[in-house]
file start-v8.cif (mmCIF, C-alpha atoms)
data_my_file
loop_
_atom_site.label_atom_id
_atom_site.label_comp_id
_atom_site.auth_asym_id
_atom_site.auth_seq_id
_atom_site.Cartn_x
_atom_site.Cartn_y
_atom_site.Cartn_z
CA MET A 6 32.71 -16.18 0.77
CA ARG A 7 29.04 -16.28 -0.14
CA ARG A 8 26.94 -13.14 -0.46
CA SER A 9 24.75 -14.34 2.44
CA ASP A 10 27.83 -14.17 4.72
CA PHE A 11 28.04 -10.37 4.37
CA ILE A 12 26.41 -8.15 6.98
CA PHE A 13 25.86 -4.62 5.70
CA LYS A 14 25.71 -1.69 8.11
CA TYR A 15 23.98 1.55 7.26
CA ARG A 16 23.86 5.07 8.66
CA VAL A 17 21.01 7.58 8.32
CA GLN A 18 22.35 10.76 6.71
CA ASN A 19 19.39 13.06 7.40
CA TRP A 20 18.61 12.11 10.99
CA PRO A 21 17.63 15.64 12.22
CA GLU A 22 15.03 16.08 9.44
CA TYR A 23 13.79 12.51 9.78
CA ASN A 24 13.50 12.87 13.55
CA LYS A 25 11.26 15.93 13.09
CA ALA A 26 9.12 13.93 10.64
CA LEU A 27 8.69 11.13 13.20
CA ILE A 28 7.53 13.67 15.80
CA ALA A 29 5.13 15.33 13.34
CA ARG A 30 3.38 12.00 12.71
CA GLY A 31 1.70 12.32 16.11
CA SER A 32 0.55 15.91 15.60
CA LEU A 33 -3.23 16.12 15.64
CA THR A 34 -3.20 19.41 13.71
CA PHE A 35 -1.40 17.61 10.87
CA TRP A 36 -4.19 15.07 10.44
CA VAL A 37 -7.10 17.46 11.12
CA ASP A 38 -5.99 20.54 9.18
CA GLU A 39 -7.82 23.72 8.19
CA GLN A 40 -8.80 22.27 4.81
CA ALA A 41 -10.59 19.36 6.48
CA VAL A 42 -12.36 21.66 8.96
CA SER A 43 -13.58 24.01 6.20
CA ALA A 44 -15.06 21.07 4.25
CA TRP A 45 -16.49 19.32 7.34
CA ARG A 46 -20.18 20.08 6.75
CA ARG A 47 -22.03 18.88 3.70
CA ARG A 48 -22.97 21.81 1.45
CA SER A 49 -24.62 20.16 -1.54
CA SER A 50 -28.25 19.07 -1.25
CA LEU A 51 -29.12 15.40 -1.12
CA GLN A 52 -30.75 14.02 -4.27
CA GLY A 53 -33.88 11.95 -3.72
CA ARG A 54 -35.74 11.08 -0.55
CA GLY A 55 -34.24 10.89 2.91
CA ARG A 56 -32.87 13.08 5.64
CA PRO A 57 -30.20 15.58 4.51
CA ARG A 58 -26.70 14.59 5.50
CA ILE A 59 -24.84 16.82 7.95
CA TYR A 60 -21.30 15.58 7.34
CA SER A 61 -19.36 15.62 4.10
CA GLY A 62 -17.28 12.73 2.87
CA THR A 63 -14.23 14.67 4.03
CA ALA A 64 -15.48 14.61 7.63
CA ILE A 65 -16.05 10.84 7.55
CA GLU A 66 -12.67 10.23 5.93
CA CYS A 67 -10.92 12.51 8.43
CA THR A 68 -12.55 10.61 11.30
CA LEU A 69 -11.32 7.32 9.86
CA VAL A 70 -7.83 8.73 9.45
CA VAL A 71 -7.71 9.77 13.11
CA ARG A 72 -8.97 6.35 14.10
CA MET A 73 -6.27 4.53 12.16
CA VAL A 74 -3.39 6.82 13.07
CA PHE A 75 -4.06 6.58 16.80
CA HIS A 76 -5.36 2.97 16.72
CA LEU A 77 -8.79 3.69 18.23
CA SER A 78 -12.15 1.96 18.02
CA LEU A 79 -15.05 3.79 16.40
CA ARG A 80 -16.58 4.70 19.74
CA ALA A 81 -13.25 5.86 21.15
CA THR A 82 -12.67 7.94 18.01
CA GLN A 83 -15.97 9.74 18.54
CA GLY A 84 -15.05 10.51 22.17
CA PHE A 85 -11.55 11.58 21.16
CA LEU A 86 -12.77 14.08 18.55
CA GLU A 87 -15.52 15.39 20.81
CA SER A 88 -12.96 16.18 23.52
CA VAL A 89 -10.65 17.85 21.00
CA VAL A 90 -13.47 20.03 19.62
CA ARG A 91 -14.53 20.94 23.15
CA LEU A 92 -10.99 21.90 24.20
CA MET A 93 -10.49 23.95 21.05
CA GLU A 94 -13.89 25.66 21.56
CA VAL A 95 -14.79 25.13 17.91
CA ASP A 96 -18.38 24.95 16.70
CA LEU A 97 -17.94 21.69 14.83
CA PRO A 98 -20.26 18.67 15.06
CA VAL A 99 -18.63 15.26 15.46
CA PRO A 100 -20.17 12.30 13.60
CA ALA A 101 -21.43 9.44 15.73
CA TYR A 102 -19.63 6.11 15.47
CA SER A 103 -22.71 4.53 13.85
CA THR A 104 -22.74 7.23 11.15
CA VAL A 105 -19.06 6.66 10.39
CA CYS A 106 -19.57 2.90 10.21
CA ARG A 107 -22.59 3.22 7.93
CA ARG A 108 -21.00 5.67 5.51
CA GLN A 109 -17.58 4.05 5.39
CA ALA A 110 -18.51 1.62 2.62
CA SER A 111 -19.72 4.44 0.32
CA LEU A 112 -16.54 6.51 0.61
CA GLU A 113 -14.27 6.86 -2.39
CA PRO A 114 -10.96 8.11 -1.01
CA ARG A 115 -8.25 8.91 -3.53
CA LEU A 116 -4.62 7.97 -3.09
CA GLN A 117 -2.42 11.05 -3.20
CA ALA A 118 1.17 10.47 -4.28
CA ALA A 119 4.02 12.82 -5.09
CA THR A 120 4.15 13.99 -8.69
CA ALA A 121 6.87 12.22 -10.65
CA ARG A 122 9.16 14.33 -12.83
CA GLN A 123 10.29 11.29 -14.76
CA PRO A 124 8.72 7.94 -15.66
CA ARG A 125 7.97 5.95 -12.53
CA HIS A 126 9.66 2.72 -11.59
CA VAL A 127 6.90 0.91 -9.73
CA VAL A 128 7.42 -2.20 -7.63
CA ILE A 129 4.59 -4.59 -6.78
CA ASP A 130 4.03 -7.21 -4.11
CA THR A 131 1.32 -8.77 -1.98
CA THR A 132 0.88 -9.36 1.75
CA GLY A 133 -1.81 -10.64 4.09
CA LEU A 134 -3.95 -8.69 6.55
CA LYS A 135 -5.82 -10.42 9.36
CA VAL A 136 -9.56 -10.01 9.79
CA PHE A 137 -10.50 -12.25 12.68
CA GLY A 138 -9.66 -15.65 14.08
CA ALA A 139 -7.02 -17.19 16.28
CA GLY A 140 -3.60 -15.59 16.57
CA GLU A 141 -0.19 -17.11 15.90
CA TRP A 142 0.19 -18.37 19.47
CA TYR A 143 -3.08 -20.31 19.32
CA VAL A 144 -2.24 -21.78 15.91
CA ARG A 145 1.23 -22.77 17.07
CA LYS A 146 -0.16 -24.49 20.14
CA HIS A 147 -3.31 -26.15 18.79
CA GLY A 148 -2.76 -26.33 15.02
CA MET A 149 -4.73 -24.96 12.09
CA GLU A 150 -7.48 -27.59 12.35
CA LYS A 151 -8.75 -25.87 15.53
CA SER A 152 -8.53 -22.41 13.95
CA ARG A 153 -10.93 -22.76 11.03
CA ARG A 154 -12.45 -19.35 11.63
CA ARG A 155 -9.10 -17.74 10.95
CA THR A 156 -9.66 -15.31 8.04
CA TRP A 157 -7.41 -12.88 6.22
CA ARG A 158 -7.33 -10.68 3.11
CA LYS A 159 -4.70 -10.06 0.45
CA LEU A 160 -3.32 -6.55 0.13
CA HIS A 161 -1.76 -5.77 -3.26
CA LEU A 162 0.58 -2.76 -3.22
CA CYS A 163 2.10 -0.81 -6.09
CA VAL A 164 4.89 1.46 -4.78
CA ASP A 165 6.91 4.19 -6.50
CA GLU A 166 10.56 3.20 -6.21
CA ALA A 167 11.79 6.81 -5.99
CA SER A 168 9.27 8.50 -3.68
CA LYS A 169 8.27 5.35 -1.70
CA ASP A 170 4.60 6.35 -2.14
CA ILE A 171 1.83 3.81 -2.64
CA VAL A 172 0.51 4.76 -6.09
CA ALA A 173 -2.09 1.99 -6.37
CA MET A 174 -3.51 -0.76 -4.18
CA ASP A 175 -6.13 -3.47 -4.13
CA LEU A 176 -7.67 -5.66 -1.46
CA THR A 177 -8.98 -9.11 -2.32
CA THR A 178 -9.95 -12.33 -0.64
CA SER A 179 -7.21 -14.78 0.26
CA ASP A 180 -8.11 -17.35 -2.40
CA VAL A 181 -7.10 -15.31 -5.45
CA HIS A 182 -3.78 -15.29 -7.28
CA ASP A 183 -1.56 -12.23 -7.35
CA SER A 184 -0.97 -11.75 -11.08
CA PRO A 185 -4.56 -11.07 -12.34
CA HIS A 186 -4.69 -7.81 -10.33
CA LEU A 187 -1.57 -6.21 -11.81
CA PRO A 188 -3.26 -4.82 -14.99
CA ALA A 189 -6.01 -3.06 -13.01
CA MET A 190 -3.49 -1.54 -10.58
CA LEU A 191 -1.30 -0.29 -13.43
CA GLU A 192 -4.31 1.48 -14.94
CA ARG A 193 -4.72 3.46 -11.70
CA VAL A 194 -1.09 4.64 -11.68
CA GLU A 195 -1.03 8.26 -12.77
CA GLY A 196 1.68 9.59 -15.05
CA GLU A 197 4.18 7.76 -17.19
CA VAL A 198 5.53 4.38 -16.10
CA GLY A 199 9.03 3.47 -17.19
CA GLN A 200 9.64 0.15 -15.40
CA VAL A 201 7.63 -2.38 -13.42
CA SER A 202 9.34 -4.80 -11.04
CA ALA A 203 7.64 -7.74 -9.33
CA ASP A 204 8.47 -11.22 -8.09
CA LYS A 205 7.99 -14.46 -10.00
CA ALA A 206 4.35 -14.74 -8.93
CA TYR A 207 3.67 -12.16 -11.66
CA ASP A 208 5.48 -14.14 -14.36
CA SER A 209 2.48 -14.46 -16.67
CA GLY A 210 1.49 -13.32 -20.14
CA THR A 211 -1.28 -11.10 -18.75
CA CYS A 212 1.19 -9.15 -16.62
CA TYR A 213 3.72 -8.78 -19.44
CA GLU A 214 1.04 -7.53 -21.83
CA ALA A 215 -0.29 -4.99 -19.31
CA ILE A 216 3.22 -3.65 -18.61
CA LEU A 217 4.15 -3.37 -22.29
CA ALA A 218 0.81 -1.64 -22.98
CA ARG A 219 1.92 1.14 -20.58
CA GLY A 220 5.18 1.47 -22.50
CA ALA A 221 7.16 0.17 -19.53
CA VAL A 222 9.95 -2.37 -19.16
CA PRO A 223 8.90 -5.53 -17.29
CA THR A 224 11.44 -6.71 -14.71
CA ILE A 225 10.02 -9.99 -13.50
CA PRO A 226 12.30 -12.92 -12.65
CA PRO A 227 11.14 -16.00 -14.57
CA ARG A 228 10.65 -19.32 -12.88
CA ARG A 229 13.61 -21.67 -12.50
CA ASN A 230 12.25 -24.00 -15.18
CA ALA A 231 11.51 -21.20 -17.67
CA ARG A 232 11.99 -22.10 -21.35
CA PHE A 233 12.22 -20.14 -24.56
CA SER A 234 9.16 -19.79 -26.75
CA SER A 235 8.95 -22.40 -29.51
CA ALA A 236 7.02 -20.12 -31.90
CA LYS A 237 8.84 -18.75 -34.94
CA ASP A 238 7.19 -15.35 -34.55
CA PRO A 239 6.29 -15.07 -30.85
CA PRO A 240 4.11 -12.20 -29.57
CA ALA A 241 5.75 -9.17 -28.02
CA PHE A 242 5.37 -10.34 -24.44
CA ARG A 243 6.95 -13.74 -25.17
CA ALA A 244 9.85 -12.06 -27.00
CA GLU A 245 10.39 -9.79 -23.98
CA ARG A 246 10.31 -12.72 -21.59
CA ASP A 247 12.68 -14.73 -23.82
CA ALA A 248 15.14 -11.83 -23.68
CA VAL A 249 15.05 -11.93 -19.87
CA VAL A 250 15.55 -15.71 -19.79
CA ARG A 251 18.48 -15.36 -22.21
CA ARG A 252 20.17 -12.66 -20.10
CA ILE A 253 19.82 -14.78 -16.97
CA LYS A 254 21.36 -17.78 -18.72
CA ASP A 255 24.27 -15.63 -19.95
CA GLU A 256 24.90 -13.43 -16.90
CA GLY A 257 23.48 -15.41 -14.00
CA ARG A 258 20.37 -14.62 -11.99
CA TYR A 259 22.02 -12.39 -9.40
CA SER A 260 23.92 -10.33 -11.99
CA TRP A 261 20.71 -9.85 -13.97
CA ARG A 262 18.81 -8.75 -10.88
CA THR A 263 21.49 -6.18 -10.07
CA SER A 264 21.91 -4.77 -13.57
CA SER A 265 18.18 -4.68 -14.40
CA GLY A 266 17.06 -3.01 -11.17
CA ALA A 267 15.04 -6.01 -10.04
CA THR A 268 16.62 -5.75 -6.60
CA ARG A 269 14.62 -2.53 -6.07
CA GLN A 270 11.56 -4.75 -5.71
CA SER A 271 12.56 -5.14 -2.08
CA LEU A 272 11.35 -1.57 -1.50
CA VAL A 273 7.75 -2.72 -1.66
CA GLU A 274 8.57 -5.22 1.10
CA ASN A 275 9.78 -2.27 3.15
CA ALA A 276 6.47 -0.53 2.44
CA VAL A 277 4.63 -3.63 3.67
CA SER A 278 6.65 -3.55 6.90
CA ARG A 279 5.86 0.15 7.39
CA PHE A 280 2.17 -0.50 6.68
CA LYS A 281 1.89 -3.19 9.34
CA ALA A 282 4.04 -1.37 11.89
CA LEU A 283 2.34 2.04 11.58
CA VAL A 284 -1.32 1.32 10.79
CA GLY A 285 -1.59 -2.30 11.87
CA GLU A 286 -1.67 -5.75 10.31
CA ARG A 287 -5.35 -6.34 11.13
CA LEU A 288 -8.53 -5.04 9.48
CA ALA A 289 -11.11 -3.90 12.03
CA SER A 290 -14.07 -3.93 9.61
CA ARG A 291 -16.02 -7.15 9.06
CA GLU A 292 -17.83 -6.35 5.80
CA PHE A 293 -15.69 -6.65 2.66
CA GLY A 294 -16.67 -3.27 1.17
CA ARG A 295 -15.69 -1.48 4.37
CA GLN A 296 -12.46 -3.48 4.51
CA GLN A 297 -11.50 -2.18 1.07
CA VAL A 298 -12.11 1.42 2.16
CA GLU A 299 -10.18 0.81 5.38
CA ALA A 300 -7.15 -0.53 3.49
CA LEU A 301 -7.30 2.43 1.09
CA VAL A 302 -7.45 4.98 3.92
CA LYS A 303 -4.54 3.24 5.65
CA SER A 304 -2.53 3.48 2.43
CA GLN A 305 -3.38 7.17 2.24
CA VAL A 306 -2.19 7.62 5.85
CA LEU A 307 1.09 5.90 5.01
CA ASN A 308 1.61 8.23 2.02
CA ARG A 309 1.14 11.31 4.23
CA MET A 310 3.68 9.94 6.69
CA THR A 311 6.08 9.30 3.82
CA ALA A 312 5.63 12.87 2.58
CA LEU A 313 6.70 14.21 5.99
CA GLY A 314 10.15 12.72 5.56
CA MET A 315 11.99 9.48 4.97
CA PRO A 316 15.48 8.36 6.04
CA ARG A 317 18.35 8.52 3.56
CA SER A 318 20.78 5.75 4.38
CA GLU A 319 24.30 4.99 3.18
CA ARG A 320 26.30 1.81 3.54
CA ILE A 321 29.25 2.37 5.86
CA SER A 322 30.79 -1.08 6.32
CA VAL A 323 30.57 -4.76 5.54
CA GLY A 324 30.88 -7.32 8.33
#

call {"tool": "encode", "arguments": {"input": "start-v8.cif", "output": "structure tokens"}}
result
Amino acid sequence: MRRSDFIFKYRVQNWPEYNKALIARGSLTFWVDEQAVSAWRRRSSLQGRGRPRIYSGTAIECTLVVRMVFHLSLRATQGFLESVVRLMEVDLPVPAYSTVCRRQASLEPRLQAATARQPRHVVIDTTGLKVFGAGEWYVRKHGMEKSRRRTWRKLHLCVDEASKDIVAMDLTTSDVHDSPHLPAMLERVEGEVGQVSADKAYDSGTCYEAILARGAVPTIPPRRNARFSSAKDPPAFRAERDAVVRRIKDEGRYSWRTSSGATRQSLVENAVSRFKALVGERLASREFGRQQVEALVKSQVLNRMTALGMPRSERISVG
């Protein structure tokens, strides 16, 4: 019987705690907490000419978070927050939708991930986010030649295998390759990195060098036609890749993936599914700088949802 013939069934062990976490995701007081309210107004003076700003970066970021969690437009977000402030009877100004749109590109939100007690095992993958253009139904019916305005961006995610947090991300245009962005993302990963897993799109010397520079073990499946280096004294990254190719030839590809932990790379695919299901698979912004901030805020939202609680599953049977 082939491995593809097996159907694994799982059961969530911590359903009561996870159920409470799912309910808490919709709590407005969780997303607009006391810390955000206390830092709502801008306190530092503006350098240079111009009208002093009323709202801090925290207020703009909090507004964007509410917008993305509850899937609202900018105008609807303004009305939503104004009604909440009015019902709470709080003396708090709400930024206009035009102010939020204008200041979005200048925000510098920071990804907050759980502190790792041991070296991280990070898994990396890429997915696409829609910007505008025809949907799947239109493309299926009329073909791509009538959907030339269809545009999308590439979202590069770096996920902690243990905590499931997004520890680094990048948003690029759709015409770039995946591997050149791995070194920059690894530089933004805080703490010690013990292992990096990715698919064969990252099978390049640049990626191997960046991973080894962090003192981590690269777990990247080589291409099917991979060959050993012909150099007598190959560089460190070629020697590491040759060792992987040799293990695959001796053990088999599936055995190597299991023993090396490469199968954990599927966790980043789960993170992609959560990203698209919870915060959407489409970018609302049209300008590229604002799109980058939007993707970063959405990643931050996903990390806060992950911190609330995640399911712990166990395999119970094989069909």

call {"tool": "atom_distance", "arguments": {"input": "start-v8.cif", "atom1": "CA of Arg219 (chain A)", "atom2": "CA of Ala241 (chain A)"}}
result
13.3 Å

call {"tool": "resolve_selection", "arguments": {"input": "start-v8.cif", "expression": "the PyMOL selection byres ((chain A and resi 211) around 9)", "output": "NGL selection string"}}
result
:A and (184-185 or 187-188 or 207-210 or 212-216 or 242)

call {"tool": "resolve_selection", "arguments": {"input": "start-v8.cif", "expression": "the PyMOL selection byres ((chain A and resi 74) around 9)", "output": "PyMOL selection string"}}
result
chain A and resi 30-31+36+69-73+75-77+283-284+303+306

call {"tool": "axis_aligned_box", "arguments": {"input": "start-v8.cif", "around": "region 15-30 of chain A", "padding_each_side": "4 Å", "output": "AutoDock Vina command-line options"}}
result
--center_x 13.7 --center_y 8.8 --center_z 11.3 --size_x 28.6 --size_y 22.5 --size_z 17.1

call {"tool": "atom_distance", "arguments": {"input": "start-v8.cif", "atom1": "CA of Glu22 (chain A)", "atom2": "CA of Val277 (chain A)"}}
result
23.0 Å

call {"tool": "resolve_selection", "arguments": {"input": "start-v8.cif", "expression": "the PyMOL selection byres ((chain A and resi 177) around 7)", "output": "CSV table (one decimal) with C-alpha atoms, in the frame of the given file"}}
result
chain,number,residue,atom,x,y,z
A,158,ARG,CA,-7.3,-10.7,3.1
A,159,LYS,CA,-4.7,-10.1,0.4
A,160,LEU,CA,-3.3,-6.6,0.1
A,175,ASP,CA,-6.1,-3.5,-4.1
A,176,LEU,CA,-7.7,-5.7,-1.5
A,178,THR,CA,-10.0,-12.3,-0.6
A,179,SER,CA,-7.2,-14.8,0.3

call {"tool": "residues_around", "arguments": {"input": "start-v8.cif", "residues": "Met315 (chain A)", "least_positions_apart": "5", "cutoff": "10 Å", "atoms": "only C-alpha atoms", "output": "PyMOL selection string"}}
result
chain A and resi 17+19-20+22-24+26-27+168-169+310

call {"tool": "atom_distance", "arguments": {"input": "start-v8.cif", "atom1": "CA of Arg125 (chain A)", "atom2": "CA of Gly199 (chain A)"}}
result
5.4 Å

call {"tool": "residues_around", "arguments": {"input": "start-v8.cif", "residues": "Val172 (chain A)", "least_positions_apart": "6", "cutoff": "6 Å", "atoms": "all atoms listed in the file", "output": "PyMOL selection string"}}
result
chain A and resi 163-164+194

call {"tool": "closest_residue", "arguments": {"input": "start-v8.cif", "among": "A:Ala244, A:Arg258, A:Ala44, A:Leu79", "to": "Pro227 (chain A)", "atoms": "all atoms listed in the file"}}
result
A:Arg258

call {"tool": "residues_around", "arguments": {"input": "start-v8.cif", "residues": "Arg47 (chain A)", "least_positions_apart": "5", "cutoff": "6 Å", "atoms": "all atoms listed in the file", "output": "list in words"}}
result
Ile59, Tyr60 and Ser61 of chain A

call {"tool": "residues_near_point", "arguments": {"input": "start-v8.cif", "point": "(12.0, 4.4, -6.6)", "cutoff": "10 Å", "atoms": "all atoms listed in the file", "output": "compact mmCIF listing (two decimals) with C-alpha atoms, in the coordinates of the input"}}
result
# COMPACT_ATOMS: atom_id res chain seq x y z
CA ARG A 125 7.97 5.95 -12.53
CA HIS A 126 9.66 2.72 -11.59
CA VAL A 127 6.90 0.91 -9.73
CA VAL A 128 7.42 -2.20 -7.63
CA VAL A 164 4.89 1.46 -4.78
CA ASP A 165 6.91 4.19 -6.50
CA GLU A 166 10.56 3.20 -6.21
CA ALA A 167 11.79 6.81 -5.99
CA SER A 168 9.27 8.50 -3.68
CA LYS A 169 8.27 5.35 -1.70
CA ASP A 170 4.60 6.35 -2.14
CA ARG A 269 14.62 -2.53 -6.07
CA GLN A 270 11.56 -4.75 -5.71
CA LEU A 272 11.35 -1.57 -1.50
CA VAL A 273 7.75 -2.72 -1.66

call {"tool": "closest_residue", "arguments": {"input": "start-v8.cif", "among": "A:Thr82, A:Arg246, A:Pro57, A:Ala29", "to": "Thr311 (chain A)", "atoms": "all atoms listed in the file"}}
result
A:Ala29

call {"tool": "residues_around", "arguments": {"input": "start-v8.cif", "residues": "Lys205 (chain A)", "least_positions_apart": "5", "cutoff": "7 Å", "atoms": "all atoms listed in the file", "output": "PyMOL selection string"}}
result
chain A and resi 225-228
